[in-house]
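For reference, target-v2.cif (mmCIF, C-alpha atoms):
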```cif
data_query
#
loop_
_atom_site.label_atom_id
_atom_site.label_comp_id
_atom_site.auth_asym_id
_atom_site.auth_seq_id
_atom_site.Cartn_x
_atom_site.Cartn_y
_atom_site.Cartn_z
CA MET S 1 0.00 0.00 0.00
CA LYS S 2 2.76 2.38 0.87
CA PRO S 3 3.98 3.24 -2.65
CA VAL S 4 0.40 4.01 -3.75
CA VAL S 5 -0.07 6.46 -0.89
CA LYS S 6 3.26 8.03 -1.71
CA GLU S 7 2.33 8.43 -5.37
CA VAL S 8 -0.94 10.17 -4.53
CA LYS S 9 0.98 12.54 -2.26
CA VAL S 10 3.50 13.31 -5.00
CA ARG S 11 0.67 14.06 -7.40
CA ALA S 12 -0.94 16.38 -4.84
CA ILE S 13 2.34 18.20 -4.31
CA VAL S 14 2.90 18.61 -8.05
CA LEU S 15 -0.66 19.82 -8.56
CA GLN S 16 -0.39 22.22 -5.62
CA GLY S 17 2.94 23.51 -6.88
CA LEU S 18 1.70 23.89 -10.44
CA THR S 19 -1.37 25.81 -9.31
CA VAL S 20 0.61 28.15 -7.07
CA LEU S 21 3.28 28.76 -9.71
CA THR S 22 0.79 29.42 -12.50
CA LEU S 23 -1.21 31.82 -10.32
CA CYS S 24 2.05 33.58 -9.43
CA ALA S 25 3.02 33.87 -13.11
CA ILE S 26 -0.36 35.37 -13.93
CA ALA S 27 -0.08 37.76 -10.96
CA ASP S 28 3.29 38.79 -12.39
CA PHE S 29 1.41 40.54 -15.18
CA ILE S 30 0.60 43.14 -12.49
CA SER S 31 4.32 43.95 -12.15
CA GLY S 32 4.49 43.83 -15.92
CA SER S 33 1.73 46.42 -16.21
CA VAL S 34 3.52 48.74 -13.78
CA PHE S 35 6.76 48.21 -15.72
CA ARG S 36 4.91 49.04 -18.94
CA ALA S 37 3.32 52.12 -17.37
CA MET S 38 6.83 53.35 -16.51
CA ILE S 39 7.84 53.62 -20.16
CA ARG S 40 7.81 57.46 -20.23
CA HIS S 41 10.10 57.62 -17.19
CA LEU S 42 12.39 54.99 -18.68
CA GLU S 43 12.60 57.15 -21.79
CA LEU S 44 13.31 60.32 -19.79
CA LEU S 45 15.86 58.68 -17.49
CA PRO S 46 18.20 56.74 -19.77
CA GLY S 47 20.13 53.93 -18.11
CA LEU S 48 17.46 53.38 -15.45
CA ILE S 49 16.09 50.25 -17.14
CA VAL S 50 19.45 48.47 -16.66
CA MET S 51 18.99 48.61 -12.90
CA ILE S 52 15.43 47.23 -12.81
CA PRO S 53 15.99 43.48 -13.34
CA PRO S 54 18.76 43.31 -10.70
CA LEU S 55 16.71 45.36 -8.18
CA VAL S 56 13.68 43.11 -8.64
CA ASP S 57 15.89 40.03 -8.41
CA LEU S 58 17.56 41.39 -5.26
CA ARG S 59 14.29 41.88 -3.43
CA GLY S 60 13.20 38.36 -4.36
CA ASN S 61 16.45 36.91 -3.04
CA ILE S 62 16.41 38.85 0.23
CA GLY S 63 12.73 37.99 0.72
CA SER S 64 13.23 34.29 0.13
CA ALA S 65 16.37 34.20 2.30
CA LEU S 66 14.38 35.78 5.12
CA GLY S 67 11.47 33.44 4.41
CA SER S 68 13.60 30.32 4.63
CA ARG S 69 15.41 31.56 7.78
CA LEU S 70 12.03 32.23 9.38
CA GLY S 71 10.75 28.85 8.22
CA THR S 72 13.68 27.12 9.89
CA ALA S 73 13.31 29.25 13.03
CA LEU S 74 9.59 28.45 13.23
CA HIS S 75 10.16 24.72 12.75
CA THR S 76 12.88 24.61 15.39
CA GLY S 77 10.80 26.71 17.77
CA ILE S 78 13.23 29.63 18.00
CA ILE S 79 10.41 31.90 16.83
CA GLU S 80 6.85 31.30 17.95
CA PRO S 81 4.08 31.58 15.34
CA ARG S 82 2.68 34.72 16.94
CA LEU S 83 3.08 38.32 15.96
CA LYS S 84 5.26 39.30 18.89
CA MET S 85 8.49 41.22 18.42
CA THR S 86 10.98 38.81 19.92
CA SER S 87 14.66 39.71 19.65
CA GLU S 88 15.26 36.82 17.23
CA LEU S 89 12.54 38.09 14.90
CA LYS S 90 13.84 41.64 15.24
CA VAL S 91 17.39 40.61 14.27
CA ASN S 92 16.07 38.78 11.21
CA MET S 93 13.90 41.67 10.07
CA LEU S 94 16.48 44.36 10.75
CA SER S 95 19.26 42.52 8.93
CA SER S 96 16.99 42.00 5.95
CA ILE S 97 16.18 45.74 5.78
CA ILE S 98 19.83 46.83 6.20
CA LEU S 99 20.89 44.31 3.55
CA SER S 100 18.21 45.64 1.22
CA ILE S 101 19.62 49.19 1.48
CA ILE S 102 23.33 48.34 1.12
CA ALA S 103 22.78 45.90 -1.74
CA SER S 104 20.51 48.37 -3.60
CA ALA S 105 23.23 51.02 -3.46
CA THR S 106 25.80 48.49 -4.69
CA ILE S 107 23.57 47.55 -7.63
CA ALA S 108 23.08 51.23 -8.54
CA VAL S 109 26.86 51.76 -8.65
CA MET S 110 27.36 48.59 -10.72
CA SER S 111 24.61 49.66 -13.14
CA PHE S 112 26.28 53.03 -13.63
CA ALA S 113 29.65 51.38 -14.23
CA VAL S 114 28.15 48.96 -16.75
CA ASN S 115 26.35 51.80 -18.57
CA ILE S 116 29.62 53.70 -18.89
CA PHE S 117 31.47 50.55 -19.93
CA VAL S 118 28.93 49.60 -22.61
CA GLY S 119 28.84 53.23 -23.68
CA VAL S 120 25.11 53.87 -23.36
CA GLU S 121 23.60 57.16 -22.29
CA THR S 122 22.94 57.25 -18.54
CA ILE S 123 21.74 59.54 -15.76
CA ASP S 124 24.37 60.34 -13.11
CA VAL S 125 25.43 57.83 -10.47
CA LEU S 126 23.89 59.79 -7.56
CA SER S 127 20.44 59.71 -9.18
CA LEU S 128 20.74 55.97 -9.72
CA ILE S 129 21.83 55.45 -6.09
CA GLY S 130 19.02 57.73 -4.90
CA ILE S 131 16.35 55.86 -6.86
CA ALA S 132 17.70 52.46 -5.80
CA VAL S 133 18.10 53.29 -2.11
CA ILE S 134 14.83 55.20 -1.62
CA SER S 135 12.71 52.64 -3.48
CA GLY S 136 14.77 49.82 -1.96
CA SER S 137 14.24 50.87 1.64
CA ILE S 138 10.49 51.40 1.19
CA ALA S 139 10.10 48.11 -0.70
CA GLY S 140 12.42 46.33 1.77
CA LEU S 141 10.32 47.48 4.71
CA ILE S 142 7.03 46.41 3.10
CA ILE S 143 8.36 43.07 1.88
CA THR S 144 9.99 42.23 5.22
CA PHE S 145 6.67 42.66 7.02
CA ILE S 146 4.74 40.70 4.38
CA THR S 147 7.32 37.88 4.52
CA VAL S 148 6.95 37.58 8.29
CA LEU S 149 3.16 37.53 8.00
CA ILE S 150 3.20 34.89 5.24
CA ALA S 151 5.80 32.71 6.98
CA ILE S 152 3.74 32.69 10.18
CA ALA S 153 0.46 32.13 8.31
CA ALA S 154 2.01 29.32 6.25
CA TYR S 155 3.38 27.65 9.37
CA ARG S 156 0.03 27.88 11.16
CA HIS S 157 -1.81 26.35 8.20
CA GLY S 158 0.78 23.61 7.85
CA TRP S 159 1.93 24.59 4.34
CA ASP S 160 5.48 23.81 3.36
CA PRO S 161 7.19 27.21 3.30
CA ASP S 162 9.53 26.06 0.53
CA ASN S 163 6.66 25.22 -1.81
CA VAL S 164 4.37 28.12 -1.08
CA THR S 165 6.18 31.00 0.62
CA GLY S 166 9.03 31.12 -1.92
CA PRO S 167 7.04 31.63 -5.14
CA VAL S 168 4.38 33.78 -3.46
CA MET S 169 7.03 36.04 -1.93
CA THR S 170 8.88 36.39 -5.24
CA THR S 171 5.69 37.49 -6.98
CA ILE S 172 4.69 39.94 -4.24
CA GLY S 173 8.29 41.16 -4.14
CA ASP S 174 8.22 41.86 -7.89
CA ILE S 175 5.00 43.85 -7.63
CA VAL S 176 6.09 45.86 -4.58
CA THR S 177 9.58 46.59 -5.94
CA ILE S 178 8.52 47.75 -9.40
CA THR S 179 5.73 49.86 -7.90
CA CYS S 180 8.15 51.46 -5.41
CA VAL S 181 10.66 52.26 -8.18
CA TYR S 182 7.86 53.75 -10.27
CA LEU S 183 6.50 55.88 -7.40
CA THR S 184 9.99 57.04 -6.36
CA VAL S 185 10.85 58.08 -9.91
CA ALA S 186 7.47 59.70 -10.54
CA ALA S 187 7.47 61.60 -7.23
CA LEU S 188 11.08 62.76 -7.05
CA TRP S 189 12.67 62.67 -10.48
CA CYS S 190 10.19 63.36 -13.24
CA MET R 1 23.23 39.84 12.59
CA ARG R 2 26.51 40.85 10.99
CA ARG R 3 27.01 37.22 9.93
CA ILE R 4 23.58 37.05 8.21
CA ILE R 5 24.23 40.32 6.37
CA LYS R 6 27.76 39.37 5.31
CA GLU R 7 26.84 35.91 4.01
CA THR R 8 23.77 37.08 2.14
CA TYR R 9 25.38 40.25 0.75
CA THR R 10 27.99 38.45 -1.36
CA ILE R 11 25.52 36.13 -3.03
CA VAL R 12 22.77 38.72 -3.61
CA VAL R 13 25.22 41.17 -5.17
CA MET R 14 26.73 38.42 -7.32
CA CYS R 15 23.25 37.48 -8.55
CA GLY R 16 22.44 41.15 -9.04
CA ALA R 17 25.47 41.40 -11.31
CA ILE R 18 24.11 38.53 -13.45
CA SER R 19 20.63 40.08 -13.60
CA LEU R 20 22.29 43.30 -14.64
CA ILE R 21 23.06 41.60 -17.97
CA ALA R 22 19.28 41.28 -18.49
CA GLY R 23 19.02 45.01 -17.90
CA VAL R 24 21.80 45.73 -20.38
CA VAL R 25 20.10 43.56 -23.03
CA LEU R 26 16.82 45.42 -22.46
CA ASN R 27 18.63 48.75 -22.72
CA LEU R 28 20.18 47.72 -26.05
CA GLN R 29 16.65 47.23 -27.41
CA ILE R 30 15.25 50.38 -25.76
CA GLU R 31 14.06 51.92 -29.03
CA LYS R 32 12.03 48.84 -29.87
CA ILE R 33 10.64 48.79 -26.31
CA ILE R 34 9.61 52.44 -26.49
CA MET R 35 7.76 51.60 -29.71
CA VAL R 36 6.14 48.48 -28.21
CA PRO R 37 6.04 49.01 -24.40
CA THR R 38 3.93 45.86 -24.00
CA ILE R 39 7.23 43.94 -24.24
CA LEU R 40 7.84 45.12 -20.66
CA LEU R 41 4.53 43.63 -19.58
CA MET R 42 5.79 40.15 -20.46
CA ILE R 43 9.20 40.38 -18.76
CA PRO R 44 8.23 39.71 -15.11
CA PRO R 45 6.12 36.59 -15.85
CA ILE R 46 8.65 35.01 -18.22
CA ASN R 47 11.49 35.62 -15.77
CA ASP R 48 9.40 34.33 -12.90
CA ILE R 49 8.42 31.08 -14.65
CA GLY R 50 12.01 30.52 -15.81
CA GLY R 51 13.36 31.11 -12.31
CA ASN R 52 10.78 28.89 -10.62
CA ILE R 53 11.27 26.04 -13.09
CA GLY R 54 15.04 26.27 -12.62
CA CYS R 55 14.65 26.26 -8.83
CA ILE R 56 12.31 23.26 -8.87
CA ILE R 57 14.51 20.97 -10.95
CA GLY R 58 17.64 22.29 -9.21
CA ALA R 59 16.24 21.47 -5.77
CA ARG R 60 14.91 18.07 -6.89
CA LEU R 61 18.24 17.12 -8.42
CA ALA R 62 20.13 18.32 -5.35
CA SER R 63 18.07 15.92 -3.21
CA ALA R 64 18.41 13.10 -5.76
CA LEU R 65 22.18 13.56 -5.95
CA HIS R 66 22.46 13.40 -2.17
CA MET R 67 20.30 10.26 -2.05
CA GLY R 68 22.37 8.72 -4.84
CA THR R 69 19.47 8.13 -7.26
CA VAL R 70 21.15 10.49 -9.73
CA GLU R 71 24.86 10.64 -10.44
CA PRO R 72 26.56 13.76 -11.76
CA LYS R 73 26.79 12.58 -15.38
CA LEU R 74 24.44 12.81 -18.36
CA LYS R 75 24.36 9.33 -19.91
CA LYS R 76 22.17 6.43 -18.76
CA GLN R 77 20.31 8.40 -16.13
CA ARG R 78 16.72 7.23 -15.88
CA VAL R 79 15.77 9.32 -12.83
CA LEU R 80 17.44 12.38 -14.31
CA ARG R 81 15.56 11.95 -17.58
CA MET R 82 12.25 11.56 -15.73
CA ASN R 83 12.93 14.72 -13.74
CA VAL R 84 13.90 16.65 -16.85
CA ASN R 85 10.81 15.49 -18.78
CA ALA R 86 8.43 16.23 -15.92
CA THR R 87 9.87 19.70 -15.37
CA MET R 88 9.79 20.57 -19.07
CA LEU R 89 6.18 19.41 -19.31
CA MET R 90 5.28 21.47 -16.26
CA SER R 91 7.00 24.54 -17.68
CA LEU R 92 5.30 24.27 -21.07
CA LEU R 93 1.93 23.78 -19.36
CA MET R 94 2.54 26.90 -17.30
CA PHE R 95 3.46 28.89 -20.38
CA LEU R 96 0.31 27.65 -22.12
CA ILE R 97 -2.00 28.71 -19.27
CA THR R 98 -0.18 32.01 -18.78
CA SER R 99 -0.35 32.71 -22.52
CA ALA R 100 -4.11 32.18 -22.42
CA ALA R 101 -4.33 34.67 -19.55
CA LEU R 102 -2.10 37.09 -21.45
CA PHE R 103 -4.17 36.83 -24.62
CA SER R 104 -7.45 37.45 -22.79
CA GLY R 105 -5.92 40.33 -20.82
CA LEU R 106 -4.51 42.00 -23.94
CA SER R 107 -7.77 41.52 -25.84
CA VAL R 108 -10.04 42.74 -23.03
CA PHE R 109 -7.99 45.85 -22.29
CA ASN R 110 -7.30 46.33 -25.98
CA ILE R 111 -3.54 46.57 -25.52
CA GLY R 112 -1.69 46.60 -28.80
CA PRO R 113 -0.18 46.32 -31.24
CA SER R 114 -1.46 42.79 -31.93
CA PRO R 115 -2.58 40.64 -28.96
CA LEU R 116 -2.19 37.48 -31.04
CA ARG R 117 1.37 38.23 -32.16
CA LEU R 118 2.40 39.33 -28.67
CA THR R 119 0.96 36.16 -27.15
CA LEU R 120 2.61 33.97 -29.80
CA SER R 121 5.93 35.67 -29.04
CA PHE R 122 5.44 34.95 -25.34
CA MET R 123 4.70 31.28 -26.05
CA LEU R 124 7.62 30.90 -28.46
CA ALA R 125 9.91 32.51 -25.89
CA GLY R 126 8.67 29.94 -23.37
CA ILE R 127 9.42 27.10 -25.78
CA PHE R 128 12.98 28.44 -26.26
CA LEU R 129 13.52 29.19 -22.60
CA THR R 130 12.31 25.91 -21.05
CA PRO R 131 15.00 23.49 -22.31
CA ILE R 132 17.79 26.06 -21.86
CA VAL R 133 16.86 26.83 -18.25
CA VAL R 134 16.45 23.12 -17.43
CA LEU R 135 19.86 22.36 -18.96
CA CYS R 136 21.51 25.21 -17.01
CA SER R 137 19.88 24.04 -13.81
CA VAL R 138 21.04 20.44 -14.30
CA GLY R 139 24.57 21.72 -14.92
CA LEU R 140 24.45 23.99 -11.89
CA ALA R 141 23.08 21.19 -9.67
CA PHE R 142 25.93 18.90 -10.79
CA ILE R 143 28.58 21.56 -10.23
CA SER R 144 27.21 22.52 -6.83
CA PHE R 145 27.04 18.85 -5.79
CA ILE R 146 30.64 18.25 -6.82
CA LYS R 147 31.82 21.46 -5.13
CA GLY R 148 29.63 20.89 -2.06
CA TRP R 149 27.64 24.15 -2.23
CA ASP R 150 24.33 24.41 -0.42
CA PRO R 151 21.63 24.26 -3.13
CA ASP R 152 19.22 26.44 -1.10
CA ASN R 153 21.70 29.25 -0.62
CA VAL R 154 23.63 29.11 -3.88
CA VAL R 155 21.81 27.29 -6.69
CA SER R 156 18.34 28.86 -6.35
CA PRO R 157 19.49 32.51 -6.37
CA LEU R 158 21.95 31.82 -9.20
CA ILE R 159 19.45 30.06 -11.45
CA THR R 160 16.88 32.84 -10.86
CA SER R 161 19.39 35.41 -12.11
CA ILE R 162 20.46 33.26 -15.04
CA ALA R 163 16.76 32.81 -15.90
CA ASP R 164 16.36 36.62 -15.91
CA VAL R 165 19.02 36.96 -18.59
CA LEU R 166 17.81 33.98 -20.64
CA GLY R 167 14.16 35.05 -20.34
CA VAL R 168 14.83 38.53 -21.67
CA ILE R 169 16.98 37.22 -24.52
CA CYS R 170 14.44 34.52 -25.51
CA LEU R 171 11.59 37.03 -25.44
CA LEU R 172 13.42 39.55 -27.62
CA ILE R 173 14.41 36.82 -30.11
CA ALA R 174 10.86 35.45 -30.23
CA ILE R 175 9.51 38.96 -30.84
CA LYS R 176 11.96 39.40 -33.68
CA ILE R 177 10.92 36.06 -35.25
CA ILE R 178 7.14 36.59 -34.90
CA GLY R 179 7.51 40.26 -35.81
CA VAL R 180 5.49 42.44 -33.42
#
```

Mind converting the file's structure to structure tokens?
Amino acid sequence: MKPVVKEVKVRAIVLQGLTVLTLCAIADFISGSVFRAMIRHLELLPGLIVMIPPLVDLRGNIGSALGSRLGTALHTGIIEPRLKMTSELKVNMLSSIILSIIASATIAVMSFAVNIFVGVETIDVLSLIGIAVISGSIAGLIITFITVLIAIAAYRHGWDPDNVTGPVMTTIGDIVTITCVYLTVAALWC
Amino acid sequence: MRRIIKETYTIVVMCGAISLIAGVVLNLQIEKIIMVPTILLMIPPINDIGGNIGCIIGARLASALHMGTVEPKLKKQRVLRMNVNATMLMSLLMFLITSAALFSGLSVFNIGPSPLRLTLSFMLAGIFLTPIVVLCSVGLAFISFIKGWDPDNVVSPLITSIADVLGVICLLIAIKIIGV
């Protein structure tokens, strides 16, 4: 009997995964729409587009790193599945926000260097750093809180954080990051 | 806290540097994108599917390598072939469903230039991207197993960034072939 049970479980996992991933891909059209709506700003601020894939990628990576650390901490009982600011939770959240800011600035500098190297027109390095750091800290703050909420909710409902939290966080991270970049640029640059 | 920041910083910046290539490729085609901004609409989903597919097969292979059901070589690998086939099927299925969603969205909101051509480009890009991402992920899983890297901390972020670059390139090539 055992292999049969196992097979059914595998099918359920695959089906669950496929559903979650497909829904996430469709939800990604929201980030796509914001990206598309940004076209005028991308035209006015040459070189900005270079920085967008790495910034989006960065937020996804920091979010999923935090998610998997929280998942482990929840499973081992270091963090309790309640919304209480324990010092362990604080350290995790704070490091994720600090990391978000430093890495955003690094990416802005790298983008500027690459633009110069490739020889494409670009806005100055301080503007790139400004856009990356301002949007990065706002997005980092929002995503950190959402990650904590989802990790705790997932744990309480008995979902595997690796199968659900990861893809869901990446999708939410994409939407929040692109929206924050758009709002930062629209409010402060042009 | 310093340890968490230090360890994560190196890998996220390294991955950022790879994703930067996707940005450079987009920037090289900026005139085309300004003419057809809907190209940007398709970038997040294609990169997301590519990254997720890469992560799934990467993680599965990492476990299989540790359990010994897959060896780090390409020939005579039944379990490997099953994993590759299942992942490719899953990816193509996801592209099919997402394309249907894209086509209805573009048609309903009347987003041009041609919803059909844009959707076909998206699907074609998916068909190009799927085997390439799977191949990269298999290679990365083998390398990380041999070198003893942690798949969760190294392989997943790397394959997501590689998928960003491949996704953008496949999409731009598909658009050129279909002619949007």

Contacts of range 138-151 of chain R within 7 Å, only C-alpha atoms, excl. fewer than 6 positions in-chain, as an NGL selection string: :R and (58-59 or 61-62 or 72)

Distance filter 7 Å, all atoms listed in the file, chain S against chain R, as an MDAnalysis selection string: chainID S and resid 22 25:26 28:29 31:33 35:36 39 49:54 57:58 61 91 95 99 103 107 111

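The set of residues that the PyMOL selection byres ((chain S and resi 123-137) around 7) takes from this file is S:Leu45, S:Pro46, S:Gly47, S:Ile97, S:Ser100, S:Ile101, S:Ser104, S:Ala105, S:Ala108, S:Val109, S:Phe112, S:Thr122, S:Ile138, S:Ala139, S:Gly140, S:Leu141, S:Cys180, S:Val181, S:Thr184, S:Val185.
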
Residue contacts of Arg82 in chain S (10 Å, all atoms listed in the file) excluding same-chain residues fewer than 2 positions away, as a PyMOL selection string: chain S and resi 79-80+84-86+149+152-153+156

Residue subset to file, keeping C-alpha atoms, as a PDB file, in the frame of the given file:
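Full text of again.pdb as output:
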```pdb
ATOM      1  CA  ILE S  79      10.410  31.900  16.830  1.00  0.00           C
ATOM      2  CA  GLU S  80       6.850  31.300  17.950  1.00  0.00           C
ATOM      3  CA  LYS S  84       5.260  39.300  18.890  1.00  0.00           C
ATOM      4  CA  MET S  85       8.490  41.220  18.420  1.00  0.00           C
ATOM      5  CA  THR S  86      10.980  38.810  19.920  1.00  0.00           C
ATOM      6  CA  LEU S 149       3.160  37.530   8.000  1.00  0.00           C
ATOM      7  CA  ILE S 152       3.740  32.690  10.180  1.00  0.00           C
ATOM      8  CA  ALA S 153       0.460  32.130   8.310  1.00  0.00           C
ATOM      9  CA  ARG S 156       0.030  27.880  11.160  1.00  0.00           C
TER      10      ARG S 156
END
```

Two-atom distance - CA of Ile57 in chain R, CA of Leu135 in chain R (Å): 9.7 Å

Result set of the PyMOL selection byres ((chain S and resi 169) around 12) on the coordinates above, as a PyMOL selection string: (chain S and resi 20-21+24+27-28+56-57+59-68+142-151+154+161-168+170-177) or (chain R and resi 48+52)

Would you mind exporting the chosen residues as a compact mmCIF listing (two decimals), in the coordinates of the input, restricted to C-alpha atoms?
```txt
# COMPACT_ATOMS: atom_id res chain seq x y z
CA VAL S 20 0.61 28.15 -7.07
CA LEU S 21 3.28 28.76 -9.71
CA CYS S 24 2.05 33.58 -9.43
CA ALA S 27 -0.08 37.76 -10.96
CA ASP S 28 3.29 38.79 -12.39
CA VAL S 56 13.68 43.11 -8.64
CA ASP S 57 15.89 40.03 -8.41
CA ARG S 59 14.29 41.88 -3.43
CA GLY S 60 13.20 38.36 -4.36
CA ASN S 61 16.45 36.91 -3.04
CA ILE S 62 16.41 38.85 0.23
CA GLY S 63 12.73 37.99 0.72
CA SER S 64 13.23 34.29 0.13
CA ALA S 65 16.37 34.20 2.30
CA LEU S 66 14.38 35.78 5.12
CA GLY S 67 11.47 33.44 4.41
CA SER S 68 13.60 30.32 4.63
CA ILE S 142 7.03 46.41 3.10
CA ILE S 143 8.36 43.07 1.88
CA THR S 144 9.99 42.23 5.22
CA PHE S 145 6.67 42.66 7.02
CA ILE S 146 4.74 40.70 4.38
CA THR S 147 7.32 37.88 4.52
CA VAL S 148 6.95 37.58 8.29
CA LEU S 149 3.16 37.53 8.00
CA ILE S 150 3.20 34.89 5.24
CA ALA S 151 5.80 32.71 6.98
CA ALA S 154 2.01 29.32 6.25
CA PRO S 161 7.19 27.21 3.30
CA ASP S 162 9.53 26.06 0.53
CA ASN S 163 6.66 25.22 -1.81
CA VAL S 164 4.37 28.12 -1.08
CA THR S 165 6.18 31.00 0.62
CA GLY S 166 9.03 31.12 -1.92
CA PRO S 167 7.04 31.63 -5.14
CA VAL S 168 4.38 33.78 -3.46
CA THR S 170 8.88 36.39 -5.24
CA THR S 171 5.69 37.49 -6.98
CA ILE S 172 4.69 39.94 -4.24
CA GLY S 173 8.29 41.16 -4.14
CA ASP S 174 8.22 41.86 -7.89
CA ILE S 175 5.00 43.85 -7.63
CA VAL S 176 6.09 45.86 -4.58
CA THR S 177 9.58 46.59 -5.94
CA ASP R 48 9.40 34.33 -12.90
CA ASN R 52 10.78 28.89 -10.62
```

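Atom to atom, CA of Thr130 in chain R and CA of Ser107 in chain R stand 25.9 Å apart.
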
Residues matched by the PyMOL selection byres ((chain R and resi 70) around 12) as a PyMOL selection string: chain R and resi 60-69+71-84+138+141-142+145
